[in-house]
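Worksheet: one structure, shown below.
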Amino acid sequence: MWEFWSRHRRKVYVTFGVLGSGYLLYKLYDAHRRRLSDLERDLAGERENDELIKSQMQAHFENIQRIADTTTLPHAMLYLSSRVAEELNLLHLTEKLMKGKGQPNNLTSLQKLELWDELKILSFNRIVLSIWAMTLLSLYIRVQVNILGRHLYIDTARGLGSSHLLDEADLIDRNDEQQFLASTDFLSNHGMPNLISSMRAAATEVLNGKQLTDFFNTTVLHETIVQILDMFMSNGSPHRWLDYLMPEDARFNKFVTSSNSDNTDLSDVTKFDQLMIETRAVLSSAEFGNVVDILLQTVVDALMEDIKVQCGEGNLLSGMPLAKLLPRIALISPLLLEEPNKNRFIHIIRNIPEVELFFTLLYANMPPL
């Protein structure tokens, strides 16, 4: 036996070495295979979770749109309509002109001319202001509700991971939420006087030199409305019109400055402040400006179609004196601010692809808090 061991010892060692190495390699390979299998399962689980989150985000997004369309917008539009009717009432001018027509001695020629000139400016002021206010308020509410929905979704998602995270999450206080939603009435409550004044200045400049006897056809009327809008939007500093929609707050500048520097002390910026800051940032973006341009042009085009029907397409194509056109303009202005379910202009806005794309990207790309 000893002689056999001495003769074959080297072979036995080599055999055991080969077998041991093979076993070790097998164990390493098996461990690696298990790790790969676990990694694949983890990746599959993450992909499935990502798809679930995307599905939930889409469903939540659609629900937010329904809230904006059925609750927030109808209230804001009704209030806006009443304020515009109150501040830009044409009745007192038309009554004076009617009395002057029935009793010629009551008004001098100069007084009649002044009343007609005021009616001209006020009529265009009201219709162009209604176009702008309806369009911008609709967009503002959709931006606002999307931002709020995103915050609420993220806050909820934090809590789903751990009850500890839910306790630490900076959740939106109900008072902040109500205050944020109530800001939709800022235009009607506070921005209206300055908006009327600025729009009147633009209308006065564009209408200067246009006489009541001038013939207005479709092209001239369209150009006049667009010129007033363009002049209004370009007057003053960039994004000046934002101050008609929402309050200016110095904390916005503080937030931007802090974001661009190492100073991140925002302890006095509340959740409501942050919601308003994000809203102003979206409304100040170039992408939002492009959407506004598209919508204003679309609404003006749709309005021209309605005016042509009201005046008789042949009449407006050939043209009619401005004095005869003004009553038609006065009649159609309130239609721009009708309640949303009856307002065809709001329906048109909702179905513009560029608008849907903007809000889909806005909702999907808002950074986590």
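Residue numbers start at 1 in each chain; chains themselves are named A, B, ... in the order of the structure tokens; ligands are numbered from 1 in the order shown.
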Contact table stretch 119-143 of chain A vs stretch 353-359 of chain A, cut-off 12 Å, shortest pair per residue, only C-alpha atoms, as a tab-separated table:
```
residue	atom	partner	partner_atom	distance
A:Thr135	CA	A:Val355	CA	11.6
A:Ser138	CA	A:Val355	CA	11.2
A:Leu139	CA	A:Val355	CA	9.0
A:Tyr140	CA	A:Phe359	CA	11.3
A:Ile141	CA	A:Phe359	CA	11.5
A:Arg142	CA	A:Phe359	CA	7.9
A:Val143	CA	A:Phe359	CA	7.5
```
Please produce an output containing all heavy atoms for each residue in the selection, written as a PDB file, in the first residue's frame.
```
ATOM      1  N   THR A 135     -58.731  82.846 -22.940  1.00  0.00           N
ATOM      2  CA  THR A 135     -57.644  81.952 -23.338  1.00  0.00           C
ATOM      3  C   THR A 135     -56.632  81.771 -22.217  1.00  0.00           C
ATOM      4  O   THR A 135     -56.263  80.646 -21.862  1.00  0.00           O
ATOM      5  CB  THR A 135     -56.938  82.514 -24.588  1.00  0.00           C
ATOM      6  OG1 THR A 135     -57.899  82.677 -25.640  1.00  0.00           O
ATOM      7  CG2 THR A 135     -55.834  81.581 -25.050  1.00  0.00           C
ATOM      8  N   SER A 138     -58.029  79.959 -19.042  1.00  0.00           N
ATOM      9  CA  SER A 138     -58.147  78.517 -19.293  1.00  0.00           C
ATOM     10  C   SER A 138     -56.796  77.833 -19.158  1.00  0.00           C
ATOM     11  O   SER A 138     -56.669  76.778 -18.517  1.00  0.00           O
ATOM     12  CB  SER A 138     -58.719  78.268 -20.693  1.00  0.00           C
ATOM     13  OG  SER A 138     -59.989  78.844 -20.833  1.00  0.00           O
ATOM     14  N   LEU A 139     -55.768  78.445 -19.751  1.00  0.00           N
ATOM     15  CA  LEU A 139     -54.431  77.872 -19.671  1.00  0.00           C
ATOM     16  C   LEU A 139     -53.881  77.925 -18.250  1.00  0.00           C
ATOM     17  O   LEU A 139     -53.256  76.967 -17.771  1.00  0.00           O
ATOM     18  CB  LEU A 139     -53.489  78.628 -20.617  1.00  0.00           C
ATOM     19  CG  LEU A 139     -53.678  78.374 -22.110  1.00  0.00           C
ATOM     20  CD1 LEU A 139     -52.775  79.298 -22.908  1.00  0.00           C
ATOM     21  CD2 LEU A 139     -53.405  76.925 -22.467  1.00  0.00           C
ATOM     22  N   TYR A 140     -54.113  79.041 -17.585  1.00  0.00           N
ATOM     23  CA  TYR A 140     -53.610  79.206 -16.218  1.00  0.00           C
ATOM     24  C   TYR A 140     -54.165  78.118 -15.292  1.00  0.00           C
ATOM     25  O   TYR A 140     -53.421  77.520 -14.503  1.00  0.00           O
ATOM     26  CB  TYR A 140     -53.989  80.586 -15.688  1.00  0.00           C
ATOM     27  CG  TYR A 140     -53.620  80.815 -14.237  1.00  0.00           C
ATOM     28  CD1 TYR A 140     -52.320  81.114 -13.877  1.00  0.00           C
ATOM     29  CD2 TYR A 140     -54.584  80.712 -13.226  1.00  0.00           C
ATOM     30  CE1 TYR A 140     -51.973  81.322 -12.552  1.00  0.00           C
ATOM     31  CE2 TYR A 140     -54.239  80.907 -11.901  1.00  0.00           C
ATOM     32  CZ  TYR A 140     -52.938  81.219 -11.565  1.00  0.00           C
ATOM     33  OH  TYR A 140     -52.602  81.409 -10.255  1.00  0.00           O
ATOM     34  N   ILE A 141     -55.452  77.867 -15.413  1.00  0.00           N
ATOM     35  CA  ILE A 141     -56.077  76.861 -14.548  1.00  0.00           C
ATOM     36  C   ILE A 141     -55.529  75.467 -14.845  1.00  0.00           C
ATOM     37  O   ILE A 141     -55.274  74.679 -13.936  1.00  0.00           O
ATOM     38  CB  ILE A 141     -57.612  76.904 -14.702  1.00  0.00           C
ATOM     39  CG1 ILE A 141     -58.157  78.187 -14.073  1.00  0.00           C
ATOM     40  CG2 ILE A 141     -58.258  75.681 -14.059  1.00  0.00           C
ATOM     41  CD1 ILE A 141     -59.625  78.426 -14.317  1.00  0.00           C
ATOM     42  N   ARG A 142     -55.297  75.171 -16.101  1.00  0.00           N
ATOM     43  CA  ARG A 142     -54.754  73.854 -16.435  1.00  0.00           C
ATOM     44  C   ARG A 142     -53.327  73.701 -15.916  1.00  0.00           C
ATOM     45  O   ARG A 142     -52.944  72.635 -15.413  1.00  0.00           O
ATOM     46  CB  ARG A 142     -54.803  73.615 -17.941  1.00  0.00           C
ATOM     47  CG  ARG A 142     -56.212  73.421 -18.457  1.00  0.00           C
ATOM     48  CD  ARG A 142     -56.236  72.911 -19.876  1.00  0.00           C
ATOM     49  NE  ARG A 142     -55.702  71.569 -19.994  1.00  0.00           N
ATOM     50  CZ  ARG A 142     -55.688  70.864 -21.129  1.00  0.00           C
ATOM     51  NH1 ARG A 142     -56.196  71.405 -22.229  1.00  0.00           N
ATOM     52  NH2 ARG A 142     -55.177  69.666 -21.167  1.00  0.00           N
ATOM     53  N   VAL A 143     -52.528  74.756 -16.021  1.00  0.00           N
ATOM     54  CA  VAL A 143     -51.181  74.716 -15.458  1.00  0.00           C
ATOM     55  C   VAL A 143     -51.256  74.524 -13.952  1.00  0.00           C
ATOM     56  O   VAL A 143     -50.563  73.684 -13.367  1.00  0.00           O
ATOM     57  CB  VAL A 143     -50.417  76.021 -15.792  1.00  0.00           C
ATOM     58  CG1 VAL A 143     -49.119  76.111 -14.984  1.00  0.00           C
ATOM     59  CG2 VAL A 143     -50.104  76.097 -17.274  1.00  0.00           C
TER      60      VAL A 143
END
```
Tell me, in Å to one decimal, how far atom CA of A:Ser109 is from atom CA of A:Arg126.
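Computed distance, atom CA of A:Ser109 to atom CA of A:Arg126, equals 25.5 Å.
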Among stretch 138-365 of chain A, which ones does DSSP assign to helix (DSSP H, G or I) (computed from the backbone)? Answer as number ranges by chain.
A: 138-161, 163-168, 174-207, 218-234, 242-245, 250-259, 271-283, 286-311, 313-318, 322-337, 344-350, 353-365
The distance between atom CA of A:Val282 and atom CA of A:Arg150 is 13.7 Å
Could I get the residues of stretch 99-150 of chain A with an atom no further than 9 Å from an atom of stretch 190-208 of chain A, each paired with its nearest atom pair and that distance in Å to one decimal, using only C-alpha atoms, sorted by chain and residue number, as CSV?
```
residue,atom,partner,partner_atom,distance
A:Lys120,CA,A:Leu207,CA,8.3
A:Ile121,CA,A:Thr204,CA,6.1
A:Leu122,CA,A:Arg200,CA,7.5
A:Phe124,CA,A:Ala203,CA,6.6
A:Asn125,CA,A:Arg200,CA,5.5
A:Arg126,CA,A:Ile196,CA,8.3
A:Val128,CA,A:Met199,CA,7.8
A:Leu129,CA,A:Met199,CA,6.6
```
Produce a file of the selected residues containing C-alpha atoms, as a tab-separated table (two decimals), in the first residue's frame.
```tsv
chain	number	residue	atom	x	y	z
A	120	LYS	CA	-65.88	101.99	-30.90
A	121	ILE	CA	-62.98	101.78	-28.46
A	122	LEU	CA	-65.02	100.11	-25.72
A	124	PHE	CA	-63.03	96.44	-29.36
A	125	ASN	CA	-61.61	96.69	-25.85
A	126	ARG	CA	-64.23	94.26	-24.59
A	128	VAL	CA	-60.20	91.56	-27.46
A	129	LEU	CA	-59.97	91.52	-23.67
```
Closest of A:Ser285, A:Tyr244, A:Leu322, A:Asn175 to A:Val220, counting only C-alpha atoms, is A:Leu322
Skipping near chain neighbours, those fewer than 2 positions away, what residues fall within 12 Å of A:Met304 using only C-alpha atoms, listed as a PyMOL selection string?
chain A and resi 127+131+217-226+297-302+306-313+316-317+328-329+332-333+345
For the interface of stretch 256-343 of chain A with stretch 72-81 of chain A (cut-off 6 Å, counting only C-alpha atoms), please tabulate each contacting residue of stretch 256-343 of chain A alongside its nearest pair of atoms and their separation in Å to one decimal, rows sorted by chain and increasing number, as a Markdown table.
```
| residue | atom | partner | partner_atom | distance |
| --- | --- | --- | --- | --- |
| A:Leu337 | CA | A:Ser81 | CA | 5.4 |
| A:Glu339 | CA | A:Pro74 | CA | 5.8 |
| A:Pro340 | CA | A:Pro74 | CA | 5.9 |
```
Using Å and a single decimal, report how far atom CA of A:Leu296 sits from atom CA of A:Trp132.
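One can read the atom CA of A:Trp132 to atom CA of A:Leu296 distance as 7.0 Å.
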